[in-house]
Amino acid sequence: MTHILKLSLLTSLALIGCSKAEAPRVSADVVTEIALPDVPQSVQELVKAARADFTMTEVLKKERDERIYYDVEGELASGEEIEFDVLMTKAGPQIVEIQRDILWAQVPEEARALVGAANQDGLEIVRVIESRQTDDSIIYEVFIAGHKSDPRFEVQVKDGAPALLPERWEH
């Protein structure tokens, strides 16, 4: 089954049985896995320039809202797994965020408090992605049990001030 079909199936299954108030924020991404030799050279060079010690292990091409991204996953020489989200622009590829999985306890206390207040149903948090943005802000994407493909909560920390985002972050 292709990744596109898997994503569509997972999205459909995630929505079954959810009331409107409980429905997760669902993206309309079209996702295609790209073989490493088929990754555009400009994307490979950009990522290598950002982190020379990075080794690509998987690349997904995502189409969202008429934008094309390459999610370049891999490892640093230290063994840490990170992902570069590369947006294709008229001027060429641009890294728009660098992501890594972190523990809930690693999220700043003020950001955890915002999620805690918004999580009135006490939903189980199963994953957190830290997304470092090019504007020096950080987006914490918080995923809950049963909805691992789209974050339920997102908190932006910019200049030390956290804010719960009312809708999905642009990237």
# chains A, B, ... in the order shown; residues from 1 in each chain; ligands from 1
>>> residues_around(residues="A:Gly79", least_positions_apart="2", cutoff="12 Å", atoms="only C-alpha atoms", output="PyMOL selection string")
chain A and resi 53-55+74-77+81-82
>>> write_last_selection(atoms="N, CA and C atoms", output="PDB file, in the first residue's frame")
ATOM      1  N   ASP A  53      27.572  16.673   9.416  1.00  0.00           N
ATOM      2  CA  ASP A  53      27.613  15.345  10.044  1.00  0.00           C
ATOM      3  C   ASP A  53      26.275  14.610   9.946  1.00  0.00           C
ATOM      4  N   PHE A  54      25.381  15.067   9.069  1.00  0.00           N
ATOM      5  CA  PHE A  54      24.051  14.482   8.912  1.00  0.00           C
ATOM      6  C   PHE A  54      24.065  13.424   7.820  1.00  0.00           C
ATOM      7  N   THR A  55      23.412  12.284   8.090  1.00  0.00           N
ATOM      8  CA  THR A  55      23.241  11.218   7.107  1.00  0.00           C
ATOM      9  C   THR A  55      21.758  10.994   6.879  1.00  0.00           C
ATOM     10  N   GLY A  74      17.026  11.698   9.246  1.00  0.00           N
ATOM     11  CA  GLY A  74      18.317  11.044   9.322  1.00  0.00           C
ATOM     12  C   GLY A  74      18.939  11.181  10.691  1.00  0.00           C
ATOM     13  N   GLU A  75      20.247  10.939  10.727  1.00  0.00           N
ATOM     14  CA  GLU A  75      20.987  10.933  11.992  1.00  0.00           C
ATOM     15  C   GLU A  75      22.213  11.815  11.907  1.00  0.00           C
ATOM     16  N   LEU A  76      22.540  12.406  13.059  1.00  0.00           N
ATOM     17  CA  LEU A  76      23.797  13.111  13.203  1.00  0.00           C
ATOM     18  C   LEU A  76      24.862  12.084  13.582  1.00  0.00           C
ATOM     19  N   ALA A  77      26.119  12.470  13.505  1.00  0.00           N
ATOM     20  CA  ALA A  77      27.208  11.556  13.855  1.00  0.00           C
ATOM     21  C   ALA A  77      27.075  11.052  15.290  1.00  0.00           C
ATOM     22  N   GLU A  81      18.617  11.519  16.138  1.00  0.00           N
ATOM     23  CA  GLU A  81      17.762  11.571  14.957  1.00  0.00           C
ATOM     24  C   GLU A  81      17.134  12.953  14.846  1.00  0.00           C
ATOM     25  N   ILE A  82      17.219  13.545  13.650  1.00  0.00           N
ATOM     26  CA  ILE A  82      16.575  14.830  13.396  1.00  0.00           C
ATOM     27  C   ILE A  82      15.941  14.788  12.015  1.00  0.00           C
TER      28      ILE A  82
END
>>> select_by_dssp(residues="stretch 3-164 of chain A", states="alpha helix (DSSP H)", output="ChimeraX atom specification")
/A:3-15,41-50,109-118
>>> atom_distance(atom1="atom CA of A:Ser149", atom2="atom CA of A:Met88")
22.5 Å
>>> closest_atom_pairs(of="stretch 56-104 of chain A", to="stretch 33-45 of chain A", cutoff="12 Å", atoms="only C-alpha atoms", output="tab-separated table")
residue	atom	partner	partner_atom	distance
A:Met56	CA	A:Leu36	CA	7.6
A:Thr57	CA	A:Leu36	CA	7.6
A:Glu58	CA	A:Leu36	CA	6.9
A:Val59	CA	A:Ile34	CA	5.5
A:Leu60	CA	A:Glu33	CA	4.5
A:Lys61	CA	A:Glu33	CA	6.2
A:Lys62	CA	A:Glu33	CA	8.8
A:Glu63	CA	A:Glu33	CA	11.8
A:Ile68	CA	A:Val43	CA	12.0
A:Tyr69	CA	A:Val43	CA	10.0
A:Tyr70	CA	A:Val43	CA	7.8
A:Asp71	CA	A:Glu33	CA	9.6
A:Val72	CA	A:Val43	CA	8.7
A:Glu73	CA	A:Leu36	CA	10.6
A:Gly74	CA	A:Leu36	CA	11.2
A:Phe84	CA	A:Val43	CA	9.9
A:Asp85	CA	A:Val43	CA	10.0
A:Val86	CA	A:Val43	CA	7.2
A:Leu87	CA	A:Val43	CA	9.2
A:Met88	CA	A:Val43	CA	8.7
A:Thr89	CA	A:Val43	CA	11.4
A:Ala91	CA	A:Ser42	CA	11.3
A:Gly92	CA	A:Ser42	CA	7.7
A:Pro93	CA	A:Val43	CA	6.2
A:Gln94	CA	A:Val43	CA	8.3
A:Ile95	CA	A:Val43	CA	9.0
>>> atom_distance(atom1="atom CA of A:Arg64", atom2="atom CA of A:Val155")
20.8 Å
>>> residues_around(residues="A:Lys148", least_positions_apart="4", cutoff="9 Å", atoms="only C-alpha atoms", output="MDAnalysis selection string")
chainID A and resid 126:127 143:144 152
>>> write_last_selection(atoms="N, CA and C atoms", output="short mmCIF file (atom, residue, chain, number, x, y, z; two decimals), in the first residue's frame")
data_model
loop_
_atom_site.label_atom_id
_atom_site.label_comp_id
_atom_site.auth_asym_id
_atom_site.auth_seq_id
_atom_site.Cartn_x
_atom_site.Cartn_y
_atom_site.Cartn_z
N VAL A 126 1.38 11.22 23.97
CA VAL A 126 2.22 10.08 23.59
C VAL A 126 3.47 10.47 22.81
N ARG A 127 3.54 11.70 22.36
CA ARG A 127 4.70 12.12 21.57
C ARG A 127 4.79 13.64 21.57
N PHE A 143 1.22 15.33 20.59
CA PHE A 143 0.35 14.30 20.03
C PHE A 143 -0.30 13.50 21.16
N ILE A 144 -1.54 13.07 20.93
CA ILE A 144 -2.26 12.29 21.93
C ILE A 144 -2.52 10.87 21.44
N ARG A 152 -2.32 17.39 18.46
CA ARG A 152 -3.57 17.88 19.05
C ARG A 152 -3.39 19.30 19.58
#
>>> select_by_dssp(residues="stretch 113-144 of chain A", states="strand (DSSP E)", output="ChimeraX atom specification")
/A:125-133,138-144
>>> residues_around(residues="A:Ile125", least_positions_apart="3", cutoff="9 Å", atoms="only C-alpha atoms", output="list in words")
Trp104, Gly122, Val128, Val142, Phe143, Ile144 and Ala145 of chain A
>>> write_last_selection(atoms="N, CA and C atoms", output="compact mmCIF listing (two decimals), in the first residue's frame")
# COMPACT_ATOMS: atom_id res chain seq x y z
N TRP A 104 8.14 14.67 27.03
CA TRP A 104 7.22 15.67 27.54
C TRP A 104 7.90 16.49 28.64
N GLY A 122 -7.95 15.51 29.83
CA GLY A 122 -6.86 14.68 30.33
C GLY A 122 -6.40 13.64 29.32
N VAL A 128 6.03 14.15 21.57
CA VAL A 128 6.26 15.58 21.43
C VAL A 128 7.38 15.78 20.43
N VAL A 142 2.33 18.53 20.12
CA VAL A 142 1.95 17.56 21.16
C VAL A 142 0.89 16.62 20.59
N PHE A 143 1.22 15.33 20.59
CA PHE A 143 0.35 14.30 20.03
C PHE A 143 -0.30 13.50 21.16
N ILE A 144 -1.54 13.07 20.93
CA ILE A 144 -2.26 12.29 21.93
C ILE A 144 -2.52 10.87 21.44
N ALA A 145 -2.81 9.99 22.37
CA ALA A 145 -3.09 8.58 22.05
C ALA A 145 -4.21 8.50 21.02
